[in-house]
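Heads up, input.cif below (mmCIF, C-alpha atoms):
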data_start
#
loop_
_atom_site.group_PDB
_atom_site.id
_atom_site.type_symbol
_atom_site.label_atom_id
_atom_site.label_comp_id
_atom_site.auth_asym_id
_atom_site.auth_seq_id
_atom_site.Cartn_x
_atom_site.Cartn_y
_atom_site.Cartn_z
ATOM 1 C CA SER A 2 4.104 2.436 35.908
ATOM 2 C CA LEU A 3 2.898 1.877 32.343
ATOM 3 C CA LEU A 4 1.891 -1.679 33.173
ATOM 4 C CA VAL A 5 0.010 -0.539 36.301
ATOM 5 C CA ALA A 6 -1.713 2.218 34.302
ATOM 6 C CA MET A 7 -2.857 -0.328 31.709
ATOM 7 C CA ARG A 8 -4.013 -2.834 34.321
ATOM 8 C CA LYS A 9 -5.943 -0.221 36.315
ATOM 9 C CA LYS A 10 -7.326 1.440 33.155
ATOM 10 C CA VAL A 11 -5.940 4.881 33.952
ATOM 11 C CA SER A 12 -4.038 7.222 31.669
ATOM 12 C CA PRO A 13 -0.266 6.836 32.192
ATOM 13 C CA VAL A 14 0.074 10.623 32.124
ATOM 14 C CA LYS A 15 -2.587 10.984 34.834
ATOM 15 C CA LEU A 16 -0.959 8.291 36.999
ATOM 16 C CA ILE A 17 2.496 9.807 36.662
ATOM 17 C CA SER A 18 1.178 13.304 37.386
ATOM 18 C CA LYS A 19 -0.335 11.978 40.631
ATOM 19 C CA LEU A 20 2.964 10.332 41.586
ATOM 20 C CA LEU A 21 5.008 13.419 40.737
ATOM 21 C CA PRO A 22 4.769 15.416 44.035
ATOM 22 C CA THR A 23 6.293 12.628 46.125
ATOM 23 C CA PHE A 24 8.867 11.911 43.418
ATOM 24 C CA VAL A 25 9.960 15.559 43.357
ATOM 25 C CA ILE A 26 10.395 15.674 47.145
ATOM 26 C CA GLY A 27 12.514 12.513 47.013
ATOM 27 C CA LEU A 28 14.517 13.898 44.094
ATOM 28 C CA THR A 29 15.207 17.218 45.810
ATOM 29 C CA THR A 30 15.869 15.998 49.368
ATOM 30 C CA ALA A 31 17.234 12.436 48.972
ATOM 31 C CA SER A 32 15.138 11.570 52.023
ATOM 32 C CA SER A 33 12.041 9.417 51.986
ATOM 33 C CA VAL A 34 11.302 10.663 55.508
ATOM 34 C CA ALA A 35 10.869 14.181 54.118
ATOM 35 C CA ALA A 36 8.379 12.795 51.579
ATOM 36 C CA PHE A 37 6.414 10.713 54.088
ATOM 37 C CA GLN A 38 3.386 12.972 54.597
ATOM 38 C CA THR A 39 3.084 13.780 50.902
ATOM 39 C CA ASN A 40 3.333 10.076 50.137
ATOM 40 C CA VAL A 41 0.521 9.214 52.565
ATOM 41 C CA THR A 42 -1.715 12.032 51.329
ATOM 42 C CA THR A 43 -1.111 11.167 47.679
ATOM 43 C CA CYS A 44 -1.858 7.488 48.214
ATOM 44 C CA GLU A 45 -5.086 8.154 50.104
ATOM 45 C CA LYS A 46 -6.502 11.215 48.346
ATOM 46 C CA LYS A 47 -5.148 11.134 44.789
ATOM 47 C CA LEU A 48 -4.549 7.438 44.134
ATOM 48 C CA GLY A 49 -7.596 6.156 46.037
ATOM 49 C CA ILE A 50 -5.776 3.578 48.140
ATOM 50 C CA ASP A 51 -7.637 2.517 51.285
ATOM 51 C CA LYS A 52 -6.327 4.063 54.507
ATOM 52 C CA LYS A 53 -5.851 0.626 56.117
ATOM 53 C CA LEU A 54 -3.331 -0.361 53.467
ATOM 54 C CA VAL A 55 -1.646 3.070 53.426
ATOM 55 C CA ASP A 56 -1.177 3.023 57.215
ATOM 56 C CA ILE A 57 0.807 -0.209 56.972
ATOM 57 C CA GLY A 58 2.254 -0.117 53.469
ATOM 58 C CA ILE A 59 3.815 3.331 53.340
ATOM 59 C CA PRO A 60 5.784 3.263 56.632
ATOM 60 C CA LEU A 61 6.941 -0.293 56.026
ATOM 61 C CA GLY A 62 7.620 0.324 52.346
ATOM 62 C CA GLN A 63 9.636 3.477 52.888
ATOM 63 C CA VAL A 64 11.894 1.656 55.317
ATOM 64 C CA ILE A 65 12.522 -1.653 53.528
ATOM 65 C CA PHE A 66 11.322 -1.285 49.903
ATOM 66 C CA MET A 67 14.303 0.283 48.151
ATOM 67 C CA PRO A 68 14.694 -0.997 44.589
ATOM 68 C CA GLY A 69 16.516 2.197 43.596
ATOM 69 C CA ALA A 70 19.104 1.616 46.310
ATOM 70 C CA ILE A 71 19.639 -1.966 45.170
ATOM 71 C CA VAL A 72 20.315 -0.799 41.616
ATOM 72 C CA LEU A 73 22.596 1.934 42.960
ATOM 73 C CA PHE A 74 24.639 -0.576 45.006
ATOM 74 C CA LEU A 75 24.880 -3.011 42.092
ATOM 75 C CA CYS A 76 25.995 -0.324 39.636
ATOM 76 C CA ALA A 77 28.500 1.095 42.111
ATOM 77 C CA ALA A 78 29.976 -2.341 42.799
ATOM 78 C CA PHE A 79 30.243 -3.246 39.110
ATOM 79 C CA GLY A 80 31.680 0.157 38.218
ATOM 80 C CA MET A 81 34.275 0.166 40.976
ATOM 81 C CA ALA A 82 35.221 -3.474 40.359
ATOM 82 C CA GLU A 83 35.796 -2.689 36.703
ATOM 83 C CA SER A 84 37.740 0.494 37.538
ATOM 84 C CA PHE A 85 39.996 -1.269 40.047
ATOM 85 C CA GLY A 86 40.550 -4.437 38.001
ATOM 86 C CA ILE A 87 38.577 -6.864 40.201
ATOM 87 C CA ALA A 88 37.576 -10.108 38.475
ATOM 88 C CA ILE A 89 33.806 -10.371 38.130
ATOM 89 C CA THR A 90 32.817 -14.024 38.379
ATOM 90 C CA PRO A 91 29.370 -15.633 38.717
ATOM 91 C CA VAL A 92 29.974 -16.128 42.447
ATOM 92 C CA TRP A 93 31.020 -12.475 42.765
ATOM 93 C CA ILE A 94 27.823 -11.384 40.980
ATOM 94 C CA LEU A 95 25.620 -13.540 43.219
ATOM 95 C CA THR A 96 27.384 -12.267 46.326
ATOM 96 C CA CYS A 97 26.983 -8.693 45.110
ATOM 97 C CA MET A 98 23.258 -9.183 44.507
ATOM 98 C CA ILE A 99 22.596 -10.740 47.912
ATOM 99 C CA ILE A 100 24.600 -8.140 49.823
ATOM 100 C CA SER A 101 22.968 -5.283 47.867
ATOM 101 C CA VAL A 102 19.468 -6.496 48.739
ATOM 102 C CA VAL A 103 20.328 -6.953 52.416
ATOM 103 C CA LEU A 104 21.999 -3.546 52.625
ATOM 104 C CA ALA A 105 19.078 -1.806 50.894
ATOM 105 C CA ILE A 106 16.693 -3.300 53.449
ATOM 106 C CA ALA A 107 18.997 -2.481 56.378
ATOM 107 C CA ALA A 108 19.793 1.121 55.404
ATOM 108 C CA PRO A 109 17.660 3.725 57.180
ATOM 109 C CA PRO A 110 15.542 5.984 54.933
ATOM 110 C CA ILE A 111 17.663 9.096 55.450
ATOM 111 C CA ALA A 112 20.033 11.030 53.241
ATOM 112 C CA GLY A 113 23.571 9.660 53.423
ATOM 113 C CA ALA A 114 22.584 6.215 54.697
ATOM 114 C CA ALA A 115 24.108 4.533 51.658
ATOM 115 C CA LEU A 116 27.586 5.721 52.579
ATOM 116 C CA THR A 117 28.079 3.089 55.273
ATOM 117 C CA CYS A 118 26.631 0.447 52.979
ATOM 118 C CA TYR A 119 29.336 0.998 50.352
ATOM 119 C CA THR A 120 32.045 0.180 52.866
ATOM 120 C CA ILE A 121 30.412 -3.123 53.768
ATOM 121 C CA LEU A 122 29.680 -3.976 50.139
ATOM 122 C CA PHE A 123 33.160 -3.152 48.859
ATOM 123 C CA ILE A 124 34.966 -5.009 51.643
ATOM 124 C CA GLN A 125 32.861 -8.137 51.072
ATOM 125 C CA LEU A 126 33.513 -8.007 47.323
ATOM 126 C CA GLY A 127 37.260 -7.372 47.589
ATOM 127 C CA ILE A 128 37.066 -3.873 46.098
ATOM 128 C CA PRO A 129 39.875 -1.633 47.430
ATOM 129 C CA THR A 130 38.887 0.951 50.019
ATOM 130 C CA ASP A 131 40.175 3.678 47.671
ATOM 131 C CA ALA A 132 36.950 3.102 45.718
ATOM 132 C CA ILE A 133 34.950 4.357 48.701
ATOM 133 C CA ALA A 134 36.254 7.897 48.181
ATOM 134 C CA VAL A 135 35.199 7.803 44.534
ATOM 135 C CA ILE A 136 31.732 6.451 45.236
ATOM 136 C CA ILE A 137 31.135 8.949 48.059
ATOM 137 C CA ALA A 138 31.637 11.744 45.539
ATOM 138 C CA LEU A 139 29.283 10.084 43.058
ATOM 139 C CA ASN A 140 26.737 9.266 45.749
ATOM 140 C CA VAL A 141 26.094 12.956 46.350
ATOM 141 C CA ILE A 142 24.148 12.994 43.078
ATOM 142 C CA LEU A 143 23.048 9.384 42.735
ATOM 143 C CA GLU A 144 21.305 9.141 46.112
ATOM 144 C CA PHE A 145 18.769 11.781 45.093
ATOM 145 C CA VAL A 146 17.784 9.749 42.033
ATOM 146 C CA ALA A 147 17.685 6.466 43.977
ATOM 147 C CA THR A 148 15.389 7.939 46.660
ATOM 148 C CA ALA A 149 13.015 9.341 44.052
ATOM 149 C CA ALA A 150 12.959 5.976 42.271
ATOM 150 C CA ASN A 151 12.237 4.154 45.544
ATOM 151 C CA LEU A 152 9.249 6.397 46.291
ATOM 152 C CA PHE A 153 7.922 6.197 42.727
ATOM 153 C CA CYS A 154 8.160 2.393 42.733
ATOM 154 C CA LEU A 155 6.537 2.174 46.173
ATOM 155 C CA GLN A 156 3.510 4.212 45.135
ATOM 156 C CA THR A 157 3.148 2.281 41.879
ATOM 157 C CA THR A 158 3.366 -1.006 43.767
ATOM 158 C CA MET A 159 0.804 0.230 46.300
ATOM 159 C CA VAL A 160 -1.646 1.011 43.475
ATOM 160 C CA GLU A 161 -1.186 -2.461 42.012
ATOM 161 C CA LEU A 162 -1.432 -4.196 45.388
ATOM 162 C CA SER A 163 -4.479 -2.221 46.520
ATOM 163 C CA GLY A 164 -6.267 -3.151 43.302
ATOM 164 C CA ASP A 165 -5.492 -6.825 43.834
ATOM 165 C CA LEU A 166 -6.756 -6.616 47.439
ATOM 166 C CA GLU A 167 -9.875 -4.695 46.386
ATOM 167 C CA LEU A 168 -8.766 -1.723 48.500
ATOM 168 C CA LEU A 169 -8.541 0.709 45.570
ATOM 169 C CA ASP A 170 -11.065 3.404 44.701
ATOM 170 C CA ALA A 171 -10.674 3.178 40.909
ATOM 171 C CA ASP A 172 -12.848 6.259 40.341
ATOM 172 C CA CYS A 173 -10.543 8.379 42.503
ATOM 173 C CA LEU A 174 -7.521 7.003 40.650
ATOM 174 C CA ARG A 175 -8.993 7.785 37.229
ATOM 175 C CA LYS A 176 -10.281 11.332 37.937
#

So that I can check it, write out the structure of this file as C-alpha cells.
Amino acid sequence: SLLVAMRKKVSPVKLISKLLPTFVIGLTTASSVAAFQTNVTTCEKKLGIDKKLVDIGIPLGQVIFMPGAIVLFLCAAFGMAESFGIAITPVWILTCMIISVVLAIAAPPIAGAALTCYTILFIQLGIPTDAIAVIIALNVILEFVATAANLFCLQTTMVELSGDLELLDADCLRK
C-alpha cells in the first residue's frame, strides 16, 4: 500500500483510511461476500476507480485473488509439519506452494471455506490428520485476518491497475 500511495501521489494515511471500511468488515466477519457492496462502493466513490473495471475486478478478485489465504495455508503447513516432525525438503516446499495457490483460488469466499482446504493440503504433504484438529482451532482466529488481508490487497491492486489502465480518477483518490 505504501508503494501504491507513492506511485499514485496520495498520502499513505489517506489511502489506508479509504481502504479501512472494507478491511474492517473482512476482519469482523471473515467473509468477503459480506464486504462486497462496501468494496464496490469504496472502489468507485472513494478510490476513483472506473465502474467498468470495478464491475469485473471486484467480483473476480474476491473469488480468486486470495494472497492472505495463500500465506495462511503456507504458514499452517510449515507449522504443522514442524510440530509433527515432517521433513521439509525443497520438493515439499514447492509442492506446498503450488497446492496452496490452487486451494486459495478454488476456495469459495465464505467463512470456513479454508477448513476443507487444510485436509487436502495436509494429506498431499504427508502431515498427519491429527494436525487438522489443531489447525481448525487456530483457523477460527486466522481466517478473519486472512480475509481482511485479501480485501486490502485486492483494493490496493485495483488502484494500481486502474492507474496503469488510465481508469483512475486521481483527484477523487487524493481528496

Using only C-alpha atoms, which residues of stretch 10-112 of chain A come within 12 Å of stretch 155-162 of chain A, and what is the closest atom pair for each, with the distance in Å to one decimal? Give it as a Markdown table, sorted by chain and residue number.
| residue | atom | partner | partner_atom | distance |
| --- | --- | --- | --- | --- |
| A:Lys10 | CA | A:Glu161 | CA | 11.5 |
| A:Val11 | CA | A:Val160 | CA | 11.1 |
| A:Pro13 | CA | A:Thr157 | CA | 11.2 |
| A:Leu16 | CA | A:Thr157 | CA | 8.8 |
| A:Ile17 | CA | A:Thr157 | CA | 9.2 |
| A:Lys19 | CA | A:Gln156 | CA | 9.8 |
| A:Leu20 | CA | A:Gln156 | CA | 7.1 |
| A:Leu21 | CA | A:Gln156 | CA | 10.3 |
| A:Pro22 | CA | A:Gln156 | CA | 11.3 |
| A:Thr23 | CA | A:Gln156 | CA | 8.9 |
| A:Phe24 | CA | A:Gln156 | CA | 9.5 |
| A:Gly27 | CA | A:Leu155 | CA | 12.0 |
| A:Ser33 | CA | A:Leu155 | CA | 10.8 |
| A:Ala36 | CA | A:Gln156 | CA | 11.8 |
| A:Phe37 | CA | A:Gln156 | CA | 11.4 |
| A:Thr39 | CA | A:Gln156 | CA | 11.2 |
| A:Asn40 | CA | A:Gln156 | CA | 7.7 |
| A:Val41 | CA | A:Gln156 | CA | 9.4 |
| A:Thr42 | CA | A:Gln156 | CA | 11.3 |
| A:Thr43 | CA | A:Gln156 | CA | 8.7 |
| A:Cys44 | CA | A:Gln156 | CA | 7.0 |
| A:Glu45 | CA | A:Val160 | CA | 10.3 |
| A:Lys47 | CA | A:Val160 | CA | 10.8 |
| A:Leu48 | CA | A:Val160 | CA | 7.1 |
| A:Gly49 | CA | A:Val160 | CA | 8.3 |
| A:Ile50 | CA | A:Val160 | CA | 6.7 |
| A:Asp51 | CA | A:Val160 | CA | 10.0 |
| A:Lys52 | CA | A:Met159 | CA | 11.5 |
| A:Lys53 | CA | A:Met159 | CA | 11.9 |
| A:Leu54 | CA | A:Met159 | CA | 8.3 |
| A:Val55 | CA | A:Met159 | CA | 8.1 |
| A:Asp56 | CA | A:Met159 | CA | 11.4 |
| A:Ile57 | CA | A:Met159 | CA | 10.7 |
| A:Gly58 | CA | A:Met159 | CA | 7.3 |
| A:Ile59 | CA | A:Leu155 | CA | 7.8 |
| A:Pro60 | CA | A:Leu155 | CA | 10.5 |
| A:Leu61 | CA | A:Leu155 | CA | 10.2 |
| A:Gly62 | CA | A:Leu155 | CA | 6.5 |
| A:Gln63 | CA | A:Leu155 | CA | 7.5 |
| A:Val64 | CA | A:Leu155 | CA | 10.6 |
| A:Ile65 | CA | A:Leu155 | CA | 10.2 |
| A:Phe66 | CA | A:Leu155 | CA | 7.0 |
| A:Met67 | CA | A:Leu155 | CA | 8.2 |
| A:Pro68 | CA | A:Leu155 | CA | 8.9 |
| A:Gly69 | CA | A:Leu155 | CA | 10.3 |

Tell me, counting all atoms listed in the file, for each residue of stretch 26-76 of chain A within 12 Å of stretch 82-94 of chain A, which pair of atoms is nearest and how far apart they are in Å to one decimal, in rows ordered by chain and increasing number, as a Markdown table.
| residue | atom | partner | partner_atom | distance |
| --- | --- | --- | --- | --- |
| A:Phe74 | CA | A:Ala82 | CA | 11.9 |
| A:Leu75 | CA | A:Ile94 | CA | 8.9 |
| A:Cys76 | CA | A:Ala82 | CA | 9.8 |

Q) How far is it from atom CA of A:Ala35 to atom CA of A:Val141, in Å with one decimal? A)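 Calculated distance between atom CA of A:Ala35 and atom CA of A:Val141 is 17.1 Å.
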
Work out where the centre of an axis-aligned box around every listed atom of stretch 92-110 of chain A lies and how long its edges are once 4 Å is added on each side; give both in Å to one decimal as AutoDock Vina command-line options.
--center_x 23.3 --center_y -5.1 --center_z 49.1 --size_x 23.5 --size_y 30.1 --size_z 24.2

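Pairwise distance (atom CA of A:Phe79, atom CA of A:Ile124) equals 13.5 Å.
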
Q: Find, counting all atoms listed in the file, the residue in A:Ile100, A:Ser12, A:Asn151, A:Ala70 that gets nearest to A:Leu116.
A: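 For A:Leu116, the nearest of the given residues is A:Ala70.
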
Q: Counting all atoms listed in the file, write as a count of residues only all protein and nucleic acid residues lying at most 12 Å from (24.6, 1.3, 44.1) in the file's frame.
A: 43

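The coordinates place atom CA of A:Arg175 at 9.6 Å from atom CA of A:Ala6.
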
Reconstruct stretch 104-134 of chain A at the level of N, CA and C atoms, and format the result as a PDB file, in the frame of the given file.
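Contents of result17.pdb, as written:
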ATOM      1  N   LEU A 104      21.627  -4.908  52.242  1.00  0.00           N
ATOM      2  CA  LEU A 104      21.999  -3.546  52.625  1.00  0.00           C
ATOM      3  C   LEU A 104      20.888  -2.543  52.327  1.00  0.00           C
ATOM      4  N   ALA A 105      20.180  -2.716  51.222  1.00  0.00           N
ATOM      5  CA  ALA A 105      19.078  -1.806  50.894  1.00  0.00           C
ATOM      6  C   ALA A 105      17.963  -1.911  51.926  1.00  0.00           C
ATOM      7  N   ILE A 106      17.722  -3.109  52.418  1.00  0.00           N
ATOM      8  CA  ILE A 106      16.693  -3.300  53.449  1.00  0.00           C
ATOM      9  C   ILE A 106      17.173  -2.734  54.783  1.00  0.00           C
ATOM     10  N   ALA A 107      18.455  -2.895  55.077  1.00  0.00           N
ATOM     11  CA  ALA A 107      18.997  -2.481  56.378  1.00  0.00           C
ATOM     12  C   ALA A 107      19.251  -0.981  56.484  1.00  0.00           C
ATOM     13  N   ALA A 108      19.460  -0.312  55.366  1.00  0.00           N
ATOM     14  CA  ALA A 108      19.793   1.121  55.404  1.00  0.00           C
ATOM     15  C   ALA A 108      18.586   1.944  55.851  1.00  0.00           C
ATOM     16  N   PRO A 109      18.780   2.871  56.763  1.00  0.00           N
ATOM     17  CA  PRO A 109      17.660   3.725  57.180  1.00  0.00           C
ATOM     18  C   PRO A 109      17.267   4.684  56.057  1.00  0.00           C
ATOM     19  N   PRO A 110      16.010   5.119  56.030  1.00  0.00           N
ATOM     20  CA  PRO A 110      15.542   5.984  54.933  1.00  0.00           C
ATOM     21  C   PRO A 110      15.918   7.453  55.126  1.00  0.00           C
ATOM     22  N   ILE A 111      17.192   7.720  55.271  1.00  0.00           N
ATOM     23  CA  ILE A 111      17.663   9.096  55.450  1.00  0.00           C
ATOM     24  C   ILE A 111      18.776   9.382  54.447  1.00  0.00           C
ATOM     25  N   ALA A 112      18.960  10.648  54.159  1.00  0.00           N
ATOM     26  CA  ALA A 112      20.033  11.030  53.241  1.00  0.00           C
ATOM     27  C   ALA A 112      21.385  10.629  53.823  1.00  0.00           C
ATOM     28  N   GLY A 113      22.238  10.062  52.992  1.00  0.00           N
ATOM     29  CA  GLY A 113      23.571   9.660  53.423  1.00  0.00           C
ATOM     30  C   GLY A 113      23.666   8.256  53.986  1.00  0.00           C
ATOM     31  N   ALA A 114      22.560   7.560  54.108  1.00  0.00           N
ATOM     32  CA  ALA A 114      22.584   6.215  54.697  1.00  0.00           C
ATOM     33  C   ALA A 114      23.373   5.223  53.841  1.00  0.00           C
ATOM     34  N   ALA A 115      23.411   5.460  52.548  1.00  0.00           N
ATOM     35  CA  ALA A 115      24.108   4.533  51.658  1.00  0.00           C
ATOM     36  C   ALA A 115      25.614   4.549  51.863  1.00  0.00           C
ATOM     37  N   LEU A 116      26.130   5.600  52.444  1.00  0.00           N
ATOM     38  CA  LEU A 116      27.586   5.721  52.579  1.00  0.00           C
ATOM     39  C   LEU A 116      28.191   4.591  53.402  1.00  0.00           C
ATOM     40  N   THR A 117      27.556   4.204  54.479  1.00  0.00           N
ATOM     41  CA  THR A 117      28.079   3.089  55.273  1.00  0.00           C
ATOM     42  C   THR A 117      27.912   1.764  54.538  1.00  0.00           C
ATOM     43  N   CYS A 118      26.882   1.693  53.716  1.00  0.00           N
ATOM     44  CA  CYS A 118      26.631   0.447  52.979  1.00  0.00           C
ATOM     45  C   CYS A 118      27.725   0.161  51.958  1.00  0.00           C
ATOM     46  N   TYR A 119      28.263   1.207  51.337  1.00  0.00           N
ATOM     47  CA  TYR A 119      29.336   0.998  50.352  1.00  0.00           C
ATOM     48  C   TYR A 119      30.555   0.346  50.985  1.00  0.00           C
ATOM     49  N   THR A 120      30.886   0.752  52.190  1.00  0.00           N
ATOM     50  CA  THR A 120      32.045   0.180  52.866  1.00  0.00           C
ATOM     51  C   THR A 120      31.854  -1.318  53.055  1.00  0.00           C
ATOM     52  N   ILE A 121      30.708  -1.697  53.559  1.00  0.00           N
ATOM     53  CA  ILE A 121      30.412  -3.123  53.768  1.00  0.00           C
ATOM     54  C   ILE A 121      30.444  -3.873  52.449  1.00  0.00           C
ATOM     55  N   LEU A 122      29.762  -3.327  51.446  1.00  0.00           N
ATOM     56  CA  LEU A 122      29.680  -3.976  50.139  1.00  0.00           C
ATOM     57  C   LEU A 122      31.061  -4.150  49.515  1.00  0.00           C
ATOM     58  N   PHE A 123      31.857  -3.090  49.512  1.00  0.00           N
ATOM     59  CA  PHE A 123      33.160  -3.152  48.859  1.00  0.00           C
ATOM     60  C   PHE A 123      34.113  -4.094  49.581  1.00  0.00           C
ATOM     61  N   ILE A 124      34.089  -4.101  50.891  1.00  0.00           N
ATOM     62  CA  ILE A 124      34.966  -5.009  51.643  1.00  0.00           C
ATOM     63  C   ILE A 124      34.592  -6.466  51.349  1.00  0.00           C
ATOM     64  N   GLN A 125      33.304  -6.770  51.334  1.00  0.00           N
ATOM     65  CA  GLN A 125      32.861  -8.137  51.072  1.00  0.00           C
ATOM     66  C   GLN A 125      33.195  -8.599  49.655  1.00  0.00           C
ATOM     67  N   LEU A 126      33.255  -7.651  48.717  1.00  0.00           N
ATOM     68  CA  LEU A 126      33.513  -8.007  47.323  1.00  0.00           C
ATOM     69  C   LEU A 126      34.978  -7.880  46.927  1.00  0.00           C
ATOM     70  N   GLY A 127      35.843  -7.484  47.876  1.00  0.00           N
ATOM     71  CA  GLY A 127      37.260  -7.372  47.589  1.00  0.00           C
ATOM     72  C   GLY A 127      37.621  -6.138  46.785  1.00  0.00           C
ATOM     73  N   ILE A 128      36.772  -5.127  46.802  1.00  0.00           N
ATOM     74  CA  ILE A 128      37.066  -3.873  46.098  1.00  0.00           C
ATOM     75  C   ILE A 128      37.903  -3.004  47.041  1.00  0.00           C
ATOM     76  N   PRO A 129      39.008  -2.435  46.555  1.00  0.00           N
ATOM     77  CA  PRO A 129      39.875  -1.633  47.430  1.00  0.00           C
ATOM     78  C   PRO A 129      39.117  -0.470  48.094  1.00  0.00           C
ATOM     79  N   THR A 130      39.549  -0.126  49.282  1.00  0.00           N
ATOM     80  CA  THR A 130      38.887   0.951  50.019  1.00  0.00           C
ATOM     81  C   THR A 130      39.078   2.310  49.353  1.00  0.00           C
ATOM     82  N   ASP A 131      40.027   2.432  48.438  1.00  0.00           N
ATOM     83  CA  ASP A 131      40.175   3.678  47.671  1.00  0.00           C
ATOM     84  C   ASP A 131      38.903   3.978  46.866  1.00  0.00           C
ATOM     85  N   ALA A 132      38.182   2.930  46.497  1.00  0.00           N
ATOM     86  CA  ALA A 132      36.950   3.102  45.718  1.00  0.00           C
ATOM     87  C   ALA A 132      35.870   3.809  46.530  1.00  0.00           C
ATOM     88  N   ILE A 133      35.960   3.716  47.844  1.00  0.00           N
ATOM     89  CA  ILE A 133      34.950   4.357  48.701  1.00  0.00           C
ATOM     90  C   ILE A 133      34.976   5.874  48.511  1.00  0.00           C
ATOM     91  N   ALA A 134      36.150   6.449  48.397  1.00  0.00           N
ATOM     92  CA  ALA A 134      36.254   7.897  48.181  1.00  0.00           C
ATOM     93  C   ALA A 134      35.597   8.305  46.865  1.00  0.00           C
TER      94      ALA A 134
END
